[in-house]
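A.B. asks: One structure is given below, represented as structure tokens, and several questions about it will come after.
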Amino acid sequence: MIRIQFKEEDIEALRYERFHNSSARVQQKMEALYLKGKGLPHNEICHICEISKTTLIAYLKEYKQGGVAKLKEGTKYKGRTKKVKSTTLGFSERLREQISRAEHQIV
């Protein structure tokens with residue numbers, strides 16, 4: 001278990017940022033750390049915030065490295081890049097062809 005001593009001003013900043021930050025991910029981090037600052041056990045924090053223990057530990061490590069300011073930084077994980085199916089890519093081209101043929105038939 002990672003033990004952290006929270007300063008009162010940090011708990012207040014976490015309380016504020018969990019609702020007022022423009023990033024949903026940062027809000028989630030702030031919520032998790034705020035609950036940790038209030039003394040909730042890790043399993044309850046994970047349940048309430050709907051995150052894994054691994055994610056919570058990552059958030060705690062971030063906080064230990066740089067406090068609230070570090071938590072506000074962007075996340076490293078950007079998610080998997082989704083590949084667009086070739087059928088989807090060709091849809092607009094096929095639609096343009098159909099419209100073009102229809103226009104020629106009307107004239």
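In the structure tokens, chains take letters A, B, ... by order of appearance, with residues numbered from 1 within each chain and ligands from 1 in the order shown.
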Residues at most 10 Å from Glu44 of chain A, counting only C-alpha atoms, excluding those fewer than 5 positions away in the same chain, as an mmCIF file with all heavy atoms, in the first residue's frame?

C.D. replies:
data_model
loop_
_atom_site.group_PDB
_atom_site.id
_atom_site.type_symbol
_atom_site.label_atom_id
_atom_site.label_comp_id
_atom_site.auth_asym_id
_atom_site.auth_seq_id
_atom_site.Cartn_x
_atom_site.Cartn_y
_atom_site.Cartn_z
ATOM 1 N N ALA A 32 -10.143 10.187 -7.151
ATOM 2 C CA ALA A 32 -9.469 9.060 -6.509
ATOM 3 C C ALA A 32 -8.533 9.540 -5.394
ATOM 4 O O ALA A 32 -8.539 8.983 -4.289
ATOM 5 C CB ALA A 32 -8.697 8.254 -7.550
ATOM 6 N N LEU A 35 -10.482 10.934 -2.367
ATOM 7 C CA LEU A 35 -10.982 9.854 -1.510
ATOM 8 C C LEU A 35 -9.860 9.225 -0.695
ATOM 9 O O LEU A 35 -10.049 8.871 0.460
ATOM 10 C CB LEU A 35 -11.701 8.801 -2.361
ATOM 11 C CG LEU A 35 -12.976 9.295 -3.062
ATOM 12 C CD1 LEU A 35 -13.499 8.223 -4.015
ATOM 13 C CD2 LEU A 35 -14.040 9.699 -2.056
ATOM 14 N N LYS A 36 -8.677 9.089 -1.299
ATOM 15 C CA LYS A 36 -7.510 8.585 -0.573
ATOM 16 C C LYS A 36 -7.176 9.542 0.571
ATOM 17 O O LYS A 36 -6.890 9.115 1.688
ATOM 18 C CB LYS A 36 -6.323 8.447 -1.530
ATOM 19 C CG LYS A 36 -5.025 8.052 -0.880
ATOM 20 C CD LYS A 36 -5.013 6.613 -0.476
ATOM 21 C CE LYS A 36 -3.618 6.247 0.077
ATOM 22 N NZ LYS A 36 -3.595 4.914 0.620
ATOM 23 N N CYS A 49 -14.674 4.930 -8.049
ATOM 24 C CA CYS A 49 -14.167 5.615 -9.247
ATOM 25 C C CYS A 49 -14.194 4.729 -10.495
ATOM 26 O O CYS A 49 -13.893 5.210 -11.588
ATOM 27 C CB CYS A 49 -12.740 6.099 -9.007
ATOM 28 S SG CYS A 49 -12.617 7.340 -7.704
ATOM 29 N N GLU A 50 -14.551 3.470 -10.291
ATOM 30 C CA GLU A 50 -14.597 2.498 -11.390
ATOM 31 C C GLU A 50 -13.257 2.425 -12.123
ATOM 32 O O GLU A 50 -13.167 2.554 -13.343
ATOM 33 C CB GLU A 50 -15.738 2.822 -12.353
ATOM 34 C CG GLU A 50 -17.093 2.731 -11.689
ATOM 35 C CD GLU A 50 -18.245 3.059 -12.634
ATOM 36 O OE1 GLU A 50 -18.008 3.391 -13.814
ATOM 37 O OE2 GLU A 50 -19.397 2.973 -12.176
#

A.B. asks: Quick one: residues within 10 Å of segment 17-19 of chain A, only C-alpha atoms, excluding same-chain residues fewer than 4 positions away - as an mmCIF file with all heavy atoms, in the first residue's frame?

C.D. replies:
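out-v2.cif was written with the following content:
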data_model
loop_
_atom_site.group_PDB
_atom_site.id
_atom_site.type_symbol
_atom_site.label_atom_id
_atom_site.label_comp_id
_atom_site.auth_asym_id
_atom_site.auth_seq_id
_atom_site.Cartn_x
_atom_site.Cartn_y
_atom_site.Cartn_z
ATOM 1 N N ILE A 11 -5.744 18.649 -0.298
ATOM 2 C CA ILE A 11 -7.074 18.038 -0.243
ATOM 3 C C ILE A 11 -8.115 19.032 -0.774
ATOM 4 O O ILE A 11 -9.018 18.661 -1.517
ATOM 5 C CB ILE A 11 -7.422 17.569 1.187
ATOM 6 C CG1 ILE A 11 -6.532 16.384 1.556
ATOM 7 C CG2 ILE A 11 -8.895 17.199 1.306
ATOM 8 C CD1 ILE A 11 -6.691 15.875 2.966
ATOM 9 N N GLU A 12 -7.962 20.289 -0.434
ATOM 10 C CA GLU A 12 -8.888 21.312 -0.933
ATOM 11 C C GLU A 12 -8.760 21.462 -2.449
ATOM 12 O O GLU A 12 -9.769 21.584 -3.159
ATOM 13 C CB GLU A 12 -8.627 22.652 -0.230
ATOM 14 C CG GLU A 12 -9.651 23.712 -0.509
ATOM 15 C CD GLU A 12 -11.071 23.325 -0.126
ATOM 16 O OE1 GLU A 12 -11.268 22.549 0.824
ATOM 17 O OE2 GLU A 12 -12.007 23.802 -0.814
ATOM 18 N N ALA A 13 -7.542 21.438 -2.967
ATOM 19 C CA ALA A 13 -7.323 21.531 -4.419
ATOM 20 C C ALA A 13 -7.911 20.307 -5.126
ATOM 21 O O ALA A 13 -8.535 20.433 -6.181
ATOM 22 C CB ALA A 13 -5.833 21.652 -4.725
ATOM 23 N N SER A 23 -10.822 18.326 -18.080
ATOM 24 C CA SER A 23 -10.542 16.959 -18.525
ATOM 25 C C SER A 23 -11.231 15.947 -17.605
ATOM 26 O O SER A 23 -11.022 15.947 -16.387
ATOM 27 C CB SER A 23 -9.035 16.708 -18.513
ATOM 28 O OG SER A 23 -8.758 15.327 -18.640
ATOM 29 N N ALA A 24 -12.011 15.064 -18.206
ATOM 30 C CA ALA A 24 -12.692 14.027 -17.419
ATOM 31 C C ALA A 24 -11.677 13.095 -16.758
ATOM 32 O O ALA A 24 -11.871 12.640 -15.635
ATOM 33 C CB ALA A 24 -13.639 13.226 -18.303
ATOM 34 N N ARG A 25 -10.582 12.807 -17.446
ATOM 35 C CA ARG A 25 -9.542 11.930 -16.887
ATOM 36 C C ARG A 25 -8.916 12.579 -15.653
ATOM 37 O O ARG A 25 -8.707 11.935 -14.642
ATOM 38 C CB ARG A 25 -8.481 11.635 -17.938
ATOM 39 C CG ARG A 25 -7.279 10.874 -17.412
ATOM 40 C CD ARG A 25 -7.535 9.405 -17.202
ATOM 41 N NE ARG A 25 -7.832 8.827 -18.494
ATOM 42 C CZ ARG A 25 -8.581 7.748 -18.663
ATOM 43 N NH1 ARG A 25 -9.076 7.118 -17.645
ATOM 44 N NH2 ARG A 25 -8.830 7.283 -19.853
ATOM 45 N N VAL A 26 -8.630 13.866 -15.738
ATOM 46 C CA VAL A 26 -8.049 14.576 -14.587
ATOM 47 C C VAL A 26 -9.060 14.607 -13.446
ATOM 48 O O VAL A 26 -8.701 14.407 -12.287
ATOM 49 C CB VAL A 26 -7.585 15.997 -14.977
ATOM 50 C CG1 VAL A 26 -7.164 16.796 -13.752
ATOM 51 C CG2 VAL A 26 -6.439 15.914 -15.979
ATOM 52 N N GLN A 27 -10.330 14.828 -13.746
ATOM 53 C CA GLN A 27 -11.359 14.799 -12.706
ATOM 54 C C GLN A 27 -11.359 13.447 -11.995
ATOM 55 O O GLN A 27 -11.468 13.387 -10.766
ATOM 56 C CB GLN A 27 -12.733 15.060 -13.303
ATOM 57 C CG GLN A 27 -12.977 16.482 -13.709
ATOM 58 C CD GLN A 27 -14.362 16.686 -14.291
ATOM 59 O OE1 GLN A 27 -15.156 15.758 -14.413
ATOM 60 N NE2 GLN A 27 -14.672 17.912 -14.659
ATOM 61 N N GLN A 28 -11.216 12.381 -12.764
ATOM 62 C CA GLN A 28 -11.200 11.040 -12.171
ATOM 63 C C GLN A 28 -9.987 10.870 -11.251
ATOM 64 O O GLN A 28 -10.103 10.321 -10.152
ATOM 65 C CB GLN A 28 -11.172 9.989 -13.278
ATOM 66 C CG GLN A 28 -11.252 8.568 -12.762
ATOM 67 C CD GLN A 28 -11.210 7.564 -13.891
ATOM 68 O OE1 GLN A 28 -10.323 7.613 -14.739
ATOM 69 N NE2 GLN A 28 -12.175 6.669 -13.915
ATOM 70 N N LYS A 29 -8.838 11.358 -11.696
ATOM 71 C CA LYS A 29 -7.636 11.283 -10.861
ATOM 72 C C LYS A 29 -7.851 12.049 -9.558
ATOM 73 O O LYS A 29 -7.510 11.569 -8.475
ATOM 74 C CB LYS A 29 -6.430 11.883 -11.593
ATOM 75 C CG LYS A 29 -5.917 11.079 -12.743
ATOM 76 C CD LYS A 29 -4.747 11.840 -13.377
ATOM 77 C CE LYS A 29 -4.172 11.141 -14.561
ATOM 78 N NZ LYS A 29 -2.985 11.854 -15.077
ATOM 79 N N MET A 30 -8.398 13.241 -9.673
ATOM 80 C CA MET A 30 -8.617 14.084 -8.501
ATOM 81 C C MET A 30 -9.583 13.424 -7.520
ATOM 82 O O MET A 30 -9.380 13.467 -6.311
ATOM 83 C CB MET A 30 -9.146 15.457 -8.913
ATOM 84 C CG MET A 30 -8.225 16.235 -9.809
ATOM 85 S SD MET A 30 -6.660 16.620 -9.014
ATOM 86 C CE MET A 30 -5.792 17.396 -10.349
ATOM 87 N N GLU A 31 -10.639 12.806 -8.063
ATOM 88 C CA GLU A 31 -11.610 12.117 -7.220
ATOM 89 C C GLU A 31 -10.938 10.983 -6.444
ATOM 90 O O GLU A 31 -11.127 10.840 -5.238
ATOM 91 C CB GLU A 31 -12.758 11.558 -8.081
ATOM 92 C CG GLU A 31 -13.789 10.759 -7.306
ATOM 93 C CD GLU A 31 -14.735 11.620 -6.490
ATOM 94 O OE1 GLU A 31 -14.730 12.852 -6.641
ATOM 95 O OE2 GLU A 31 -15.491 11.041 -5.703
ATOM 96 N N ALA A 32 -10.143 10.187 -7.151
ATOM 97 C CA ALA A 32 -9.469 9.060 -6.509
ATOM 98 C C ALA A 32 -8.533 9.540 -5.394
ATOM 99 O O ALA A 32 -8.539 8.983 -4.289
ATOM 100 C CB ALA A 32 -8.697 8.254 -7.550
ATOM 101 N N LEU A 33 -7.763 10.568 -5.679
ATOM 102 C CA LEU A 33 -6.829 11.080 -4.670
ATOM 103 C C LEU A 33 -7.552 11.787 -3.530
ATOM 104 O O LEU A 33 -7.123 11.704 -2.375
ATOM 105 C CB LEU A 33 -5.800 12.012 -5.313
ATOM 106 C CG LEU A 33 -4.526 11.348 -5.839
ATOM 107 C CD1 LEU A 33 -3.631 10.873 -4.727
ATOM 108 C CD2 LEU A 33 -4.763 10.257 -6.828
ATOM 109 N N TYR A 34 -8.644 12.443 -3.836
ATOM 110 C CA TYR A 34 -9.444 13.083 -2.789
ATOM 111 C C TYR A 34 -9.965 12.026 -1.816
ATOM 112 O O TYR A 34 -9.881 12.194 -0.595
ATOM 113 C CB TYR A 34 -10.601 13.860 -3.410
ATOM 114 C CG TYR A 34 -11.531 14.479 -2.391
ATOM 115 C CD1 TYR A 34 -11.157 15.618 -1.691
ATOM 116 C CD2 TYR A 34 -12.775 13.919 -2.127
ATOM 117 C CE1 TYR A 34 -12.006 16.182 -0.745
ATOM 118 C CE2 TYR A 34 -13.622 14.476 -1.196
ATOM 119 C CZ TYR A 34 -13.236 15.607 -0.501
ATOM 120 O OH TYR A 34 -14.085 16.156 0.435
ATOM 121 N N VAL A 68 -0.583 17.789 -6.959
ATOM 122 C CA VAL A 68 -1.779 18.078 -7.756
ATOM 123 C C VAL A 68 -1.385 18.537 -9.162
ATOM 124 O O VAL A 68 -2.015 18.167 -10.154
ATOM 125 C CB VAL A 68 -2.671 19.137 -7.060
ATOM 126 C CG1 VAL A 68 -3.832 19.547 -7.942
ATOM 127 C CG2 VAL A 68 -3.175 18.598 -5.725
ATOM 128 N N LYS A 72 -2.565 17.020 -13.025
ATOM 129 C CA LYS A 72 -3.239 17.828 -14.042
ATOM 130 C C LYS A 72 -2.599 17.693 -15.421
ATOM 131 O O LYS A 72 -3.192 18.073 -16.417
ATOM 132 C CB LYS A 72 -3.242 19.300 -13.620
ATOM 133 C CG LYS A 72 -4.128 19.569 -12.428
ATOM 134 C CD LYS A 72 -3.871 20.936 -11.875
ATOM 135 C CE LYS A 72 -4.932 21.900 -12.233
ATOM 136 N NZ LYS A 72 -4.776 23.202 -11.581
#

A.B. asks: Please indicate the distance in Å from atom CA of Thr54 of chain A to atom CA of His42 of chain A, rounded to one decimal place.

C.D. replies: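 Interatomic distance here is 10.5 Å.
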
A.B. asks: For Arg3 of chain A, which residue among A:Ile57, A:Glu103, A:Leu71, A:Gln98 is the nearest when counting only C-alpha atoms?

C.D. replies: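 Among A:Ile57, A:Glu103, A:Leu71, A:Gln98, it is A:Ile57 that comes nearest to Arg3 of chain A.
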
A.B. asks: What separation in Å, quoted to one decimal, exists between atom CA of Tyr59 of chain A and atom CA of Glu9 of chain A?

C.D. replies: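 Computed distance, atom CA of Tyr59 of chain A to atom CA of Glu9 of chain A, equals 18.3 Å.
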
A.B. asks: Could you state the separation of atom CA of Leu14 of chain A and atom CA of Leu56 of chain A in Å, given to one decimal place?

C.D. replies: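 So the answer is 14.9 Å.
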
A.B. asks: Which of these residues is nearest to Glu62 of chain A, using only C-alpha atoms: A:Ile99, A:Ile45, A:Lys38, A:Ile4?

C.D. replies: A:Ile4
